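Undergrad: Starting off with a structure, shown below.
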Amino acid sequence: MGYATLDAALAFPNNVPPTKSHIVITDTLKSNGNFLIHHFLGNHLKADQHVVLIGLSQIFNHYFLIGRKLGINLQAYKQSGQFSFIDGLTHINPYTQGTPYPPTGTPSTPTDTLEGSKPSDNILLSFYQTIRRHISQTNKPHPLLILDDASVLLMTGYGLDSVSQFLHKLKVLMESVGGTLITVVHADEEGAEDPEQDAFVKSVITSAELILQAEALGSGLARDIHGQLSILHGPQYIPRSTTTVAQSLHYKILDNNAEFFAKGISQV
């Protein structure tokens, strides 16, 4: 279900990322990394493993419609219990108080909702407890937790230290169950001028075994190339833990696929 050419580049056994690992996806406004989420999502579901997706930037229908184009029926996986979608967007902080909750009993109903609109001494702790409950309920040996995207927490008023601690707890949680954590963060060059945002991106990357960096082409737009993906070993990478080679690839996004190829190789 994933992208075959990206599978070849990452070279994960059975196309599933290593257990107890943290993969960080960084993107920019000009090069959205959302398509990479569906690669890991599809491969993990195909391997009959449990996936928990925390939607901090999009509602369920967004992922469902993209997944359908790629041949992944997230609604069916959600109904079977193999896929859990937790809505982290509609009630992310106290400013969302009064916002209607997603309707129940419909195909787009999330599995759960992160409740940040009600007064609480530690909202991020309640977020963590909700996520932990869904991770602990699975009977699969290698669950996948996707956080899309962590930058939203910082942008909606949660402090750098609190968000960093929240992400660390999630990493420890996934290590304890032999799972994998994938964290998406925005890393625009403009963000480097914001000390807090810059420190946040660096702190997330520090805990990563593998970094997938989606960027726009330095030369501008091209007809057959939509961007560049750098596959980097993170600070926590252990040599020989995987056979993934650090490299930079160009990519092209199609309606129902994405193709990755070496720089300088034209795709028709």
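Scheme for the structure tokens: letters A, B, ... for chains in order shown; per-chain residue numbers from 1; ligand numbers from 1 in order shown.
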Just want the 9 Å neighbourhood of Gln75 in chain A, counted on only C-alpha atoms, with same-chain residues fewer than 4 positions away dropped. Output as an mmCIF file with all heavy atoms, in the first residue's frame.
TA:
data_model
loop_
_atom_site.group_PDB
_atom_site.id
_atom_site.type_symbol
_atom_site.label_atom_id
_atom_site.label_comp_id
_atom_site.auth_asym_id
_atom_site.auth_seq_id
_atom_site.Cartn_x
_atom_site.Cartn_y
_atom_site.Cartn_z
ATOM 1 N N PHE A 64 -9.148 10.191 5.106
ATOM 2 C CA PHE A 64 -9.974 9.177 4.455
ATOM 3 C C PHE A 64 -9.977 9.352 2.940
ATOM 4 O O PHE A 64 -9.808 8.382 2.188
ATOM 5 C CB PHE A 64 -11.398 9.239 4.990
ATOM 6 C CG PHE A 64 -12.377 8.392 4.220
ATOM 7 C CD1 PHE A 64 -12.349 7.005 4.310
ATOM 8 C CD2 PHE A 64 -13.314 8.989 3.384
ATOM 9 C CE1 PHE A 64 -13.241 6.231 3.589
ATOM 10 C CE2 PHE A 64 -14.206 8.214 2.656
ATOM 11 C CZ PHE A 64 -14.171 6.833 2.761
ATOM 12 N N GLN A 79 -13.526 0.772 11.583
ATOM 13 C CA GLN A 79 -14.631 -0.044 12.084
ATOM 14 C C GLN A 79 -14.138 -1.378 12.634
ATOM 15 O O GLN A 79 -14.711 -1.913 13.596
ATOM 16 C CB GLN A 79 -15.653 -0.280 10.967
ATOM 17 C CG GLN A 79 -16.452 0.966 10.600
ATOM 18 C CD GLN A 79 -17.443 0.707 9.482
ATOM 19 O OE1 GLN A 79 -17.197 -0.104 8.596
ATOM 20 N NE2 GLN A 79 -18.572 1.407 9.514
ATOM 21 N N SER A 80 -13.061 -1.899 12.053
ATOM 22 C CA SER A 80 -12.531 -3.185 12.514
ATOM 23 C C SER A 80 -11.717 -3.042 13.799
ATOM 24 O O SER A 80 -11.415 -4.042 14.458
ATOM 25 C CB SER A 80 -11.652 -3.808 11.431
ATOM 26 O OG SER A 80 -10.418 -3.112 11.303
ATOM 27 N N PHE A 83 -7.474 0.473 13.092
ATOM 28 C CA PHE A 83 -7.066 1.870 12.926
ATOM 29 C C PHE A 83 -7.887 2.744 13.857
ATOM 30 O O PHE A 83 -9.120 2.629 13.912
ATOM 31 C CB PHE A 83 -7.273 2.313 11.474
ATOM 32 C CG PHE A 83 -7.068 3.785 11.242
ATOM 33 C CD1 PHE A 83 -5.811 4.361 11.373
ATOM 34 C CD2 PHE A 83 -8.141 4.605 10.904
ATOM 35 C CE1 PHE A 83 -5.627 5.724 11.156
ATOM 36 C CE2 PHE A 83 -7.963 5.961 10.688
ATOM 37 C CZ PHE A 83 -6.712 6.518 10.814
ATOM 38 N N PRO A 107 -19.865 7.793 9.480
ATOM 39 C CA PRO A 107 -18.581 7.271 8.976
ATOM 40 C C PRO A 107 -17.391 8.139 9.332
ATOM 41 O O PRO A 107 -16.269 7.646 9.449
ATOM 42 C CB PRO A 107 -18.804 7.231 7.457
ATOM 43 C CG PRO A 107 -20.278 7.067 7.301
ATOM 44 C CD PRO A 107 -20.882 7.870 8.423
ATOM 45 N N SER A 108 -17.621 9.452 9.509
ATOM 46 C CA SER A 108 -16.508 10.354 9.802
ATOM 47 C C SER A 108 -16.268 10.551 11.293
ATOM 48 O O SER A 108 -15.373 11.298 11.690
ATOM 49 C CB SER A 108 -16.755 11.719 9.149
ATOM 50 O OG SER A 108 -17.936 12.319 9.670
#
Undergrad: Please identify every residue of range 51-98 of chain A that has at least one atom no farther than 10 Å from an atom of range 1-17 of chain A, counting only C-alpha atoms, and for each give the shortest atom pair and the distance in Å to one decimal, arranged by chain then increasing number, as a tab-separated table.
TA:
residue	atom	partner	partner_atom	distance
A:Gly67	CA	A:Met1	CA	9.7
A:Leu70	CA	A:Met1	CA	7.2
A:Gly71	CA	A:Met1	CA	7.2
A:Ile72	CA	A:Met1	CA	7.3
Undergrad: So that I have them on file, write out the residues from the current selection with N, CA, C and O atoms, as a short mmCIF file (atom, residue, chain, number, x, y, z; two decimals), in the first residue's frame.
TA:
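Written file, again_1.cif:
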data_model
loop_
_atom_site.label_atom_id
_atom_site.label_comp_id
_atom_site.auth_asym_id
_atom_site.auth_seq_id
_atom_site.Cartn_x
_atom_site.Cartn_y
_atom_site.Cartn_z
N GLY A 67 -6.55 8.54 1.50
CA GLY A 67 -6.35 7.10 1.60
C GLY A 67 -7.14 6.35 0.54
O GLY A 67 -6.66 5.36 -0.03
N LEU A 70 -5.43 6.07 -2.64
CA LEU A 70 -4.29 5.17 -2.58
C LEU A 70 -4.71 3.72 -2.36
O LEU A 70 -3.86 2.84 -2.19
N GLY A 71 -6.02 3.48 -2.33
CA GLY A 71 -6.51 2.12 -2.15
C GLY A 71 -6.57 1.69 -0.70
O GLY A 71 -6.57 0.48 -0.41
N ILE A 72 -6.62 2.64 0.22
CA ILE A 72 -6.67 2.34 1.65
C ILE A 72 -8.02 2.79 2.19
O ILE A 72 -8.31 3.99 2.20
#
Undergrad: Determine the nearest neighbour of Asp48 in chain A from the options A:Gln137, A:Gln165, A:Gln82, A:Ser176, counting only C-alpha atoms.
TA: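 Looking only at the distances to Asp48 in chain A, the closest residue turns out to be A:Gln82.
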Undergrad: Using only C-alpha atoms, find each residue in range 68-88 of chain A having at least one atom no more than 12 Å away from range 139-153 of chain A; report its shortest atom-to-atom pair and that distance in Å (one decimal), rows by chain then rising number, as CSV.
TA:
residue,atom,partner,partner_atom,distance
A:Gly81,CA,A:Asn139,CA,10.6
A:Gln82,CA,A:Lys140,CA,8.9
A:Phe83,CA,A:Leu144,CA,9.7
A:Ser84,CA,A:Leu145,CA,9.6
A:Phe85,CA,A:Ile146,CA,9.8
A:Ile86,CA,A:Leu147,CA,9.9
A:Asp87,CA,A:Asp148,CA,10.5
A:Gly88,CA,A:Asp148,CA,9.2
Undergrad: Let's see if you can do this: from backbone DSSP, list all strand (DSSP E or B) residues in range 15-109 of chain A, as a list in words.
TA: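 Strand (DSSP E or B) assignments inside range 15-109 of chain A correspond to Ser21, His22, Ile23, Val24, Ile25, Thr26, Asp27, Thr28, Ser31, Val51, Val52, Leu53, Ile54, Gly55, Phe83, Ser84, Phe85, Ile86 and Asp87 of chain A.
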Undergrad: Any chance you could export the current selection's N, CA and C atoms as a short mmCIF file (atom, residue, chain, number, x, y, z; two decimals), in the first residue's frame?
TA:
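out38.cif, written as the output of this step:
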data_model
loop_
_atom_site.label_atom_id
_atom_site.label_comp_id
_atom_site.auth_asym_id
_atom_site.auth_seq_id
_atom_site.Cartn_x
_atom_site.Cartn_y
_atom_site.Cartn_z
N SER A 21 11.40 2.81 17.61
CA SER A 21 12.08 3.87 16.88
C SER A 21 11.20 5.12 16.79
N HIS A 22 11.85 6.24 16.56
CA HIS A 22 11.17 7.53 16.40
C HIS A 22 11.58 8.11 15.06
N ILE A 23 10.61 8.26 14.16
CA ILE A 23 10.85 8.84 12.85
C ILE A 23 10.23 10.23 12.83
N VAL A 24 11.00 11.22 12.42
CA VAL A 24 10.51 12.60 12.35
C VAL A 24 10.40 13.01 10.89
N ILE A 25 9.23 13.51 10.52
CA ILE A 25 9.00 14.06 9.18
C ILE A 25 8.95 15.57 9.30
N THR A 26 9.83 16.27 8.60
CA THR A 26 9.79 17.73 8.59
C THR A 26 9.35 18.19 7.21
N ASP A 27 8.51 19.21 7.18
CA ASP A 27 8.07 19.76 5.90
C ASP A 27 8.00 21.27 5.98
N THR A 28 7.59 21.89 4.91
CA THR A 28 7.50 23.35 4.82
C THR A 28 6.18 23.71 4.16
N SER A 31 6.31 22.64 0.66
CA SER A 31 6.48 21.20 0.41
C SER A 31 5.85 20.42 1.57
N VAL A 51 -2.71 0.98 14.09
CA VAL A 51 -2.25 2.35 13.86
C VAL A 51 -3.15 3.32 14.61
N VAL A 52 -2.54 4.25 15.33
CA VAL A 52 -3.27 5.33 15.99
C VAL A 52 -2.78 6.64 15.38
N LEU A 53 -3.68 7.38 14.76
CA LEU A 53 -3.34 8.64 14.12
C LEU A 53 -3.97 9.79 14.91
N ILE A 54 -3.13 10.71 15.37
CA ILE A 54 -3.60 11.89 16.10
C ILE A 54 -3.68 13.05 15.10
N GLY A 55 -4.90 13.46 14.77
CA GLY A 55 -5.09 14.53 13.80
C GLY A 55 -5.15 15.89 14.48
N PHE A 83 -7.47 0.47 13.09
CA PHE A 83 -7.07 1.87 12.93
C PHE A 83 -7.89 2.74 13.86
N SER A 84 -7.20 3.59 14.61
CA SER A 84 -7.87 4.53 15.51
C SER A 84 -7.52 5.95 15.09
N PHE A 85 -8.55 6.77 14.91
CA PHE A 85 -8.32 8.18 14.61
C PHE A 85 -8.77 9.02 15.79
N ILE A 86 -7.83 9.77 16.36
CA ILE A 86 -8.14 10.63 17.50
C ILE A 86 -8.13 12.08 17.03
N ASP A 87 -9.28 12.73 17.15
CA ASP A 87 -9.44 14.12 16.73
C ASP A 87 -8.75 15.03 17.77
#
Undergrad: Between CA of Phe127 in chain A and CA of Gln197 in chain A, what is the spacing in Å?
TA: 21.1 Å
Undergrad: As a ChimeraX atom specification, please: every residue in range 44-113 of chain A that DSSP puts in helix (DSSP H, G or I).
TA: /A:44-46,60-69,74-80,94-96
Undergrad: Any idea what the distance is between CA of Ser230 in chain A and CA of Asn34 in chain A?
TA: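 Computed distance, CA of Ser230 in chain A to CA of Asn34 in chain A, equals 15.1 Å.
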Undergrad: For Leu229 in chain A, which of A:Gly105, A:Gly98, A:Gly33, A:Gly264 is the closest residue, counting only C-alpha atoms?
TA: A:Gly33
Undergrad: Tell me which of A:Asn43, A:Gln58, A:Asn93, A:Thr180 sits closest to Leu124 in chain A, counting only C-alpha atoms.
TA: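 For Leu124 in chain A, the nearest of the candidates is A:Asn93.
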Undergrad: Counting only C-alpha atoms, which residue out of A:His44, A:Arg68, A:His250, A:Lys169 sits closest to Pro18 in chain A?
TA: A:His44
Undergrad: Between CA of Thr138 in chain A and CA of Thr104 in chain A, measure the distance and give it in Å to one decimal.
TA: 22.4 Å
